[in-house]
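Right, one structure below, let's go through it.
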Amino acid sequence: MKHKVIYLDYAATTPVDPRVAEKMAGCLTCEGMFANPASAHGPGRAARGAVERARSQVAALVGAEPGEIIFTSGATESDNLAIKGVAHFYQQKGRHLITSRIEHKAVLDTCKQLERDGSEVTWLKPDADGLIQPSMVEQALRPDTVLVSIMHVNNEIGTVNDIAAIGRITREHGVFLHVDAAQSAGKLPIDLKNLHVDLMSFSGHKLYGPKGIGALYVRREPRVQLDPLIHGGGHEHGLRSGTLATHQIVGMGEAFELACQELAEEAPQLRSMREKLWQALRATIPQAVLNGHPTQRVCGILNVAFPGIEGESLLFACSALAVSSGSACTSADRQPSFVLRAIGRDDQLAGSSIRFSVGRFTTTAEVEAAARIVGEEYHRLLDLAPAG
Amino acid sequence: MLYDPDYSATVWNHFCTPKNAGVFMVGTPGVLNGTAGARKNGRVVEFQLQVDTDGRVADCRYRVYGCPATIALCSLTSEKLKGGLLAAAATYSVVKLAEQLGLPPEKRAAAITVEDAIRSAAARYNSHLRSTQAPTELITELKDRWPSP
Amino acid sequence: MPSRILSARLLLNMAIYLDNNATTSLDPRVLDAMLPWMQGLHGNPSSIHRPGRAARAALDTARAQVAALVNAQPAQIVFTSGGTEAGNLALKGVCHGQPHGRVLISAVEHAAVLGPAEELIRKGWQVQRIPVDTDCRLDFNALQKMLNADVCLVSVMLANNETGTIQDVKAVAAAAREHSALLHTDAVQAAGKLPVDFVALGVDLLSLSAHKLGGPRGVGALILDQRLDLAPQITGGGQEHGLRSGTENIAGIIGFGKSAVLAHLELEARKRHLRTLRDTLEAGLQPIPGISIFAEQADRLPNTVQLGVTGFDGEFLVMELDKRGIAVSSGSACHSSSGQPSHVLLAMGIDEALARSALRISFGMHNTMDDVHTLLAALTTLVSKRSGALVLA
């Protein structure tokens, strides 16, 4: 028997916006542009046109030039390409990298792989609010540092790093800055013309676009060069070979254009929805504690610790809700979230924390129902538990 | 609450609606308290066995902080022990029960904690059988020694 | 959204599409399978909640379907973003962190293998090309001479994307095994046109691409023996047994699975249909002066004909045919703007002028006899016009 869940896991993935789905389907039906954009014939040219239009749409959301956007298969690939690409290209200059302990696994594992291959990495510890302060970056810089990678918005706790300030510092020191913007594009204004960011990763499926497509911004002025990750036919100015998926690129373009149009209105709506959820939770569970900075956070993410009960039980008791404890990419193993431990939560509190993330299609009714369910289950489990 | 396919229906039901949860009222005769686990390890079980004058487990109660498997095992075990001899309770294999329920190997620790809590309760009675006191007096003495939770 | 089955003529605004080796149009049945996953809410397959698990289950089904196409185990499938990424993962994954040795690749590999091979050279590896004969077949004597204990990896494609030549990969596998070298085969063009059996071929790694068999673009797979120690190229999150991280392209993978099922079921019918078109075309080409079919004597893909047209420029012919509503290519799509003659044809010993005149026709299931006749008529006209002009001049 199929029951409908209340979906509050937009930070893990989003539903495809119907307007995006329509555009994508249009590419795949018989009249659509299925041809290889690299082909010289008419159908190839039509496909190429669609790709270039999508590139402009992505660029427009973030204040970049279309020529600075490369399409990839997702933010994970973008992170790999940016970090390994710079590390390998500039290895004569230096082999030191700086990143934080609470980056997405795509950044962490890539840096670890480079570490195994001979690079040195400084892993910055966030403050108790989950923020990486610009001063932390400055103190870690060395003459042989080539790259700093700091995420814009943390996917677990939603905190927002001041990438403008970090960028000013890295630029001053002649070091490249990579920013994973998978959780921030379309939710916070980003203007790369006025940010000293050299590389930025984007995800399609975090912004109501399809899974399996992403992009990487690669600054032209001043120029940053990369060793490609995937070699072959020389697509994307030689930076990313492999036949492009026209329908997915078109989908990502459409999603980014919709975000551009709706960001100003949507962000405050999401923030208010999130606040409703937080207030409703606190009303039934006064013991609940917020994880991460109270105000320097993105509109949709709410990470709450529920003391006194065990985390797996709370999650399973709330199985009518689709939420997350820990990053989606690592939910399968039941380690307490490394992000929450990095901000000082003990294992039990980290384990009994839940990340709620609201999005474009979340309703007040859903939020109220969710708070009620969590409240009921929390108290049931608390009553079940020994005192103290 | 929606059914989760990782756990069997039995486990799921006992997690959602645990039987015999709680504590005996203060003053209830024949209550043996046992405890196992630690919060920092993610699992605490406080088990109470109520033993009658024939040495049988008349009733059980428990409080549990832990994963769904731990909760379900407490509930299922409490049903199994009721009406049986205390000696049987002291040797009941929750680990075997967990295997029969199809719980994964990682949850063996949950079963062990529940077992430890039950055995620690049963041990309160066993250790005093070495003395020559009559059962009823023994139980009164135990009642005085262990304050209600 | 309804999908419709149309003849090739109605596709692409009346154009005749004869460039199926570059990419195939999406089979409407595959689109039907994909559409539900391209809209609405679907979880992240790594999430443990209900929508996540539903996505995971669909992924597992698709994996089994792709495995069935090539007689592999589901656990041997690593999904990638396409054939190029699969080739990169194979070559770089095997060689990463190994002491530098030698890699042998055939002289006629696709960019998906050439690209990473060139990168290996930059990293200090020795890469040698195994020569081919005039019919594009691998020179086995040369291979035997080149194989020794230094060689850690050999890469020979199962079927060539330009001439369509099919290599005896089984024999290459036997030779490689004797010297404890691993063997990768790019089966991107072969799958869906020939039976491809991972076990029978005896290879260690095999690359596939969905859009060459009626599936969507943006998804491919590397099939590999689980015991291989491959270094992942895209890390973080640990998907695909840690070999290829990143949130899975669910709709694409489901499309891949469906196209694999259809390819498996319809293989014989497809071979027959395509072969008939190819044979008719080749027969019709005989009387046209100046036309030579490359690798004519070799075992080739049932749908591929690459030919040279003496005295003409291949790009010019592609453009002229395009004007007449016929889409073909001169060689690999990846190289169409580079202006270089095909490395495949040069490796076969074909002289540069003839190589530059190359035209590749690759049929798909939508093509009909009418398409063959239209193409022949157009070619005849184009070729005779020039000859006519020469005569008049």
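By convention here, the chains of the structure tokens are called A, B, ... in the order presented, each chain's residues are numbered starting at 1, and ligands are numbered starting at 1 in the order presented.
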
### Task
Pull the strand (DSSP E or B) assignments for range 199-274 of chain A out of DSSP run on the backbone, and list those residues as a list in words.
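Everything in range 199-274 of chain A that counts as strand (DSSP E or B) is Leu199, Met200, Ser201, Phe202, Ser203, Gly214, Ala215, Leu216, Tyr217 and Val218 of chain A.
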
#### Entry: Test item: residues at most 8 Å from range 317-319 of chain C, only C-alpha atoms, excluding those fewer than 5 positions along its chain, as JSON, numbers by chain
{"A": [40, 41], "C": [312, 327, 328, 329, 330, 359, 382]}

Using only C-alpha atoms, what does the table of chain A residues within 9 Å of chain B look like, with each row giving the shortest atom pair and its distance in Å to one decimal, sorted by chain and ascending number, as a Markdown table?
```
| residue | atom | partner | partner_atom | distance |
| --- | --- | --- | --- | --- |
| A:His3 | CA | B:Leu2 | CA | 7.2 |
| A:Val5 | CA | B:Leu2 | CA | 8.6 |
| A:Gly308 | CA | B:Tyr65 | CA | 8.1 |
| A:Ile309 | CA | B:Tyr65 | CA | 6.2 |
| A:Glu310 | CA | B:Gly66 | CA | 5.2 |
| A:Gly311 | CA | B:Cys67 | CA | 7.3 |
| A:Glu312 | CA | B:Cys67 | CA | 5.4 |
| A:Ser313 | CA | B:Cys67 | CA | 4.9 |
| A:Leu314 | CA | B:Cys67 | CA | 8.4 |
| A:Phe316 | CA | B:Pro68 | CA | 7.4 |
| A:Ala317 | CA | B:Met1 | CA | 6.6 |
| A:Cys318 | CA | B:Met1 | CA | 6.8 |
| A:Ser319 | CA | B:Leu2 | CA | 5.7 |
| A:Ala320 | CA | B:Leu2 | CA | 5.6 |
| A:Asp346 | CA | B:Lys40 | CA | 8.5 |
| A:Asp347 | CA | B:Lys40 | CA | 7.2 |
| A:Gln348 | CA | B:Lys40 | CA | 6.4 |
| A:Gly351 | CA | B:Gly42 | CA | 8.7 |
| A:Ile373 | CA | B:Met1 | CA | 8.9 |
| A:Leu381 | CA | B:Tyr65 | CA | 7.8 |
| A:Leu382 | CA | B:Tyr65 | CA | 8.1 |
| A:Asp383 | CA | B:Gly22 | CA | 8.0 |
| A:Leu384 | CA | B:Arg63 | CA | 5.4 |
| A:Ala385 | CA | B:Val64 | CA | 4.6 |
| A:Pro386 | CA | B:Arg63 | CA | 5.2 |
| A:Ala387 | CA | B:Pro149 | CA | 8.6 |
```

Please produce an output containing C-alpha atoms for each residue in the selection, written as a PDB file, in the first residue's frame.
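Output (result_26.pdb):
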```
ATOM      1  CA  HIS A   3       1.352   6.243   1.445  1.00  0.00           C
ATOM      2  CA  VAL A   5       5.219  11.145   2.507  1.00  0.00           C
ATOM      3  CA  GLY A 308      16.962  12.839  25.254  1.00  0.00           C
ATOM      4  CA  ILE A 309      15.940  10.379  22.554  1.00  0.00           C
ATOM      5  CA  GLU A 310      17.920   8.224  20.164  1.00  0.00           C
ATOM      6  CA  GLY A 311      18.225   9.409  16.590  1.00  0.00           C
ATOM      7  CA  GLU A 312      17.458   6.316  14.536  1.00  0.00           C
ATOM      8  CA  SER A 313      14.260   5.806  16.508  1.00  0.00           C
ATOM      9  CA  LEU A 314      13.152   9.378  15.949  1.00  0.00           C
ATOM     10  CA  PHE A 316      11.985   5.842  11.891  1.00  0.00           C
ATOM     11  CA  ALA A 317       9.124   7.054  14.056  1.00  0.00           C
ATOM     12  CA  CYS A 318       8.802  10.004  11.696  1.00  0.00           C
ATOM     13  CA  SER A 319       8.871   7.854   8.589  1.00  0.00           C
ATOM     14  CA  ALA A 320       5.828   9.710   7.308  1.00  0.00           C
ATOM     15  CA  ASP A 346      28.367  15.149  21.040  1.00  0.00           C
ATOM     16  CA  ASP A 347      27.580  11.853  19.348  1.00  0.00           C
ATOM     17  CA  GLN A 348      24.145  11.507  20.897  1.00  0.00           C
ATOM     18  CA  GLY A 351      22.721  11.383  16.146  1.00  0.00           C
ATOM     19  CA  ILE A 373       4.202  14.284  13.926  1.00  0.00           C
ATOM     20  CA  LEU A 381      10.099   8.219  22.721  1.00  0.00           C
ATOM     21  CA  LEU A 382      10.985  10.518  25.587  1.00  0.00           C
ATOM     22  CA  ASP A 383       8.374   8.878  27.781  1.00  0.00           C
ATOM     23  CA  LEU A 384       9.757   5.512  26.806  1.00  0.00           C
ATOM     24  CA  ALA A 385      13.276   6.494  27.844  1.00  0.00           C
ATOM     25  CA  PRO A 386      14.826   6.303  31.301  1.00  0.00           C
ATOM     26  CA  ALA A 387      14.991   9.580  33.225  1.00  0.00           C
TER      27      ALA A 387
END
```

Per-residue nearest contacts of range 40-116 of chain A to range 254-262 of chain A (12 Å; only C-alpha atoms) as a tab-separated table:
```
residue	atom	partner	partner_atom	distance
A:Ala50	CA	A:Glu254	CA	10.8
A:Val51	CA	A:Glu254	CA	11.0
A:Arg53	CA	A:Glu254	CA	9.5
A:Ala54	CA	A:Glu254	CA	6.9
A:Arg55	CA	A:Phe256	CA	9.8
A:Ser56	CA	A:Glu257	CA	9.2
A:Gln57	CA	A:Glu257	CA	5.4
A:Val58	CA	A:Phe256	CA	5.5
A:Ala59	CA	A:Phe256	CA	8.7
A:Ala60	CA	A:Cys260	CA	7.6
A:Leu61	CA	A:Cys260	CA	5.2
A:Val62	CA	A:Cys260	CA	8.7
A:Gly63	CA	A:Cys260	CA	10.5
```

Please, could you write that set of residues out with N, CA and C atoms as a short mmCIF file (atom, residue, chain, number, x, y, z; two decimals), in the first residue's frame?
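out.cif, written as the output of this step:
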```cif
data_model
loop_
_atom_site.label_atom_id
_atom_site.label_comp_id
_atom_site.auth_asym_id
_atom_site.auth_seq_id
_atom_site.Cartn_x
_atom_site.Cartn_y
_atom_site.Cartn_z
N ALA A 50 20.54 25.22 -28.71
CA ALA A 50 19.82 25.03 -27.44
C ALA A 50 20.79 25.00 -26.27
N VAL A 51 21.93 24.35 -26.49
CA VAL A 51 22.94 24.26 -25.43
C VAL A 51 23.48 25.63 -25.07
N ARG A 53 22.05 28.48 -25.47
CA ARG A 53 21.03 29.28 -24.78
C ARG A 53 20.98 28.91 -23.31
N ALA A 54 21.06 27.62 -23.03
CA ALA A 54 21.05 27.16 -21.63
C ALA A 54 22.28 27.68 -20.89
N ARG A 55 23.39 27.72 -21.57
CA ARG A 55 24.62 28.21 -20.94
C ARG A 55 24.43 29.65 -20.48
N SER A 56 23.79 30.46 -21.34
CA SER A 56 23.54 31.86 -20.99
C SER A 56 22.59 31.95 -19.80
N GLN A 57 21.62 31.05 -19.76
CA GLN A 57 20.67 31.08 -18.64
C GLN A 57 21.36 30.80 -17.32
N VAL A 58 22.27 29.83 -17.33
CA VAL A 58 23.00 29.50 -16.11
C VAL A 58 23.87 30.68 -15.71
N ALA A 59 24.57 31.24 -16.71
CA ALA A 59 25.47 32.37 -16.44
C ALA A 59 24.70 33.55 -15.86
N ALA A 60 23.50 33.78 -16.37
CA ALA A 60 22.73 34.95 -15.96
C ALA A 60 22.37 34.91 -14.47
N LEU A 61 22.09 33.73 -13.95
CA LEU A 61 21.70 33.64 -12.53
C LEU A 61 22.83 34.08 -11.61
N VAL A 62 24.07 33.86 -12.05
CA VAL A 62 25.20 34.07 -11.15
C VAL A 62 26.14 35.18 -11.59
N GLY A 63 25.73 35.97 -12.56
CA GLY A 63 26.55 37.11 -12.96
C GLY A 63 27.84 36.72 -13.66
#
```

### Task
Skip range 83-89 of chain A itself and residues of its chain fewer than 6 positions away, then list as an MDAnalysis selection string all residues within 7 Å of it, counting only C-alpha atoms.
chainID A and resid 95 146 225:229

### Task
For Phe338 in chain A, please output as an MDAnalysis selection string all residues within 12 Å (counting only C-alpha atoms; exclusion window: fewer than 3 positions along the same chain).
chainID A and resid 100:105 108 125:126 130 156:157 325:327 330:331 333:335 341:347 349:351 353

### Message
I'd like the neighbourhood of Val151 in chain C as number ranges by chain, where a residue qualifies if any of its atoms comes within 12 Å (using only C-alpha atoms), though same-chain residues fewer than 2 positions away should be ignored.
### Response
C: 94-95, 98-105, 125-128, 143-149, 153-155, 175-183

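Closest to chain A among C:Gln73, C:Thr374, C:Ser46, C:Asn141 is C:Ser46, based on only C-alpha atoms.
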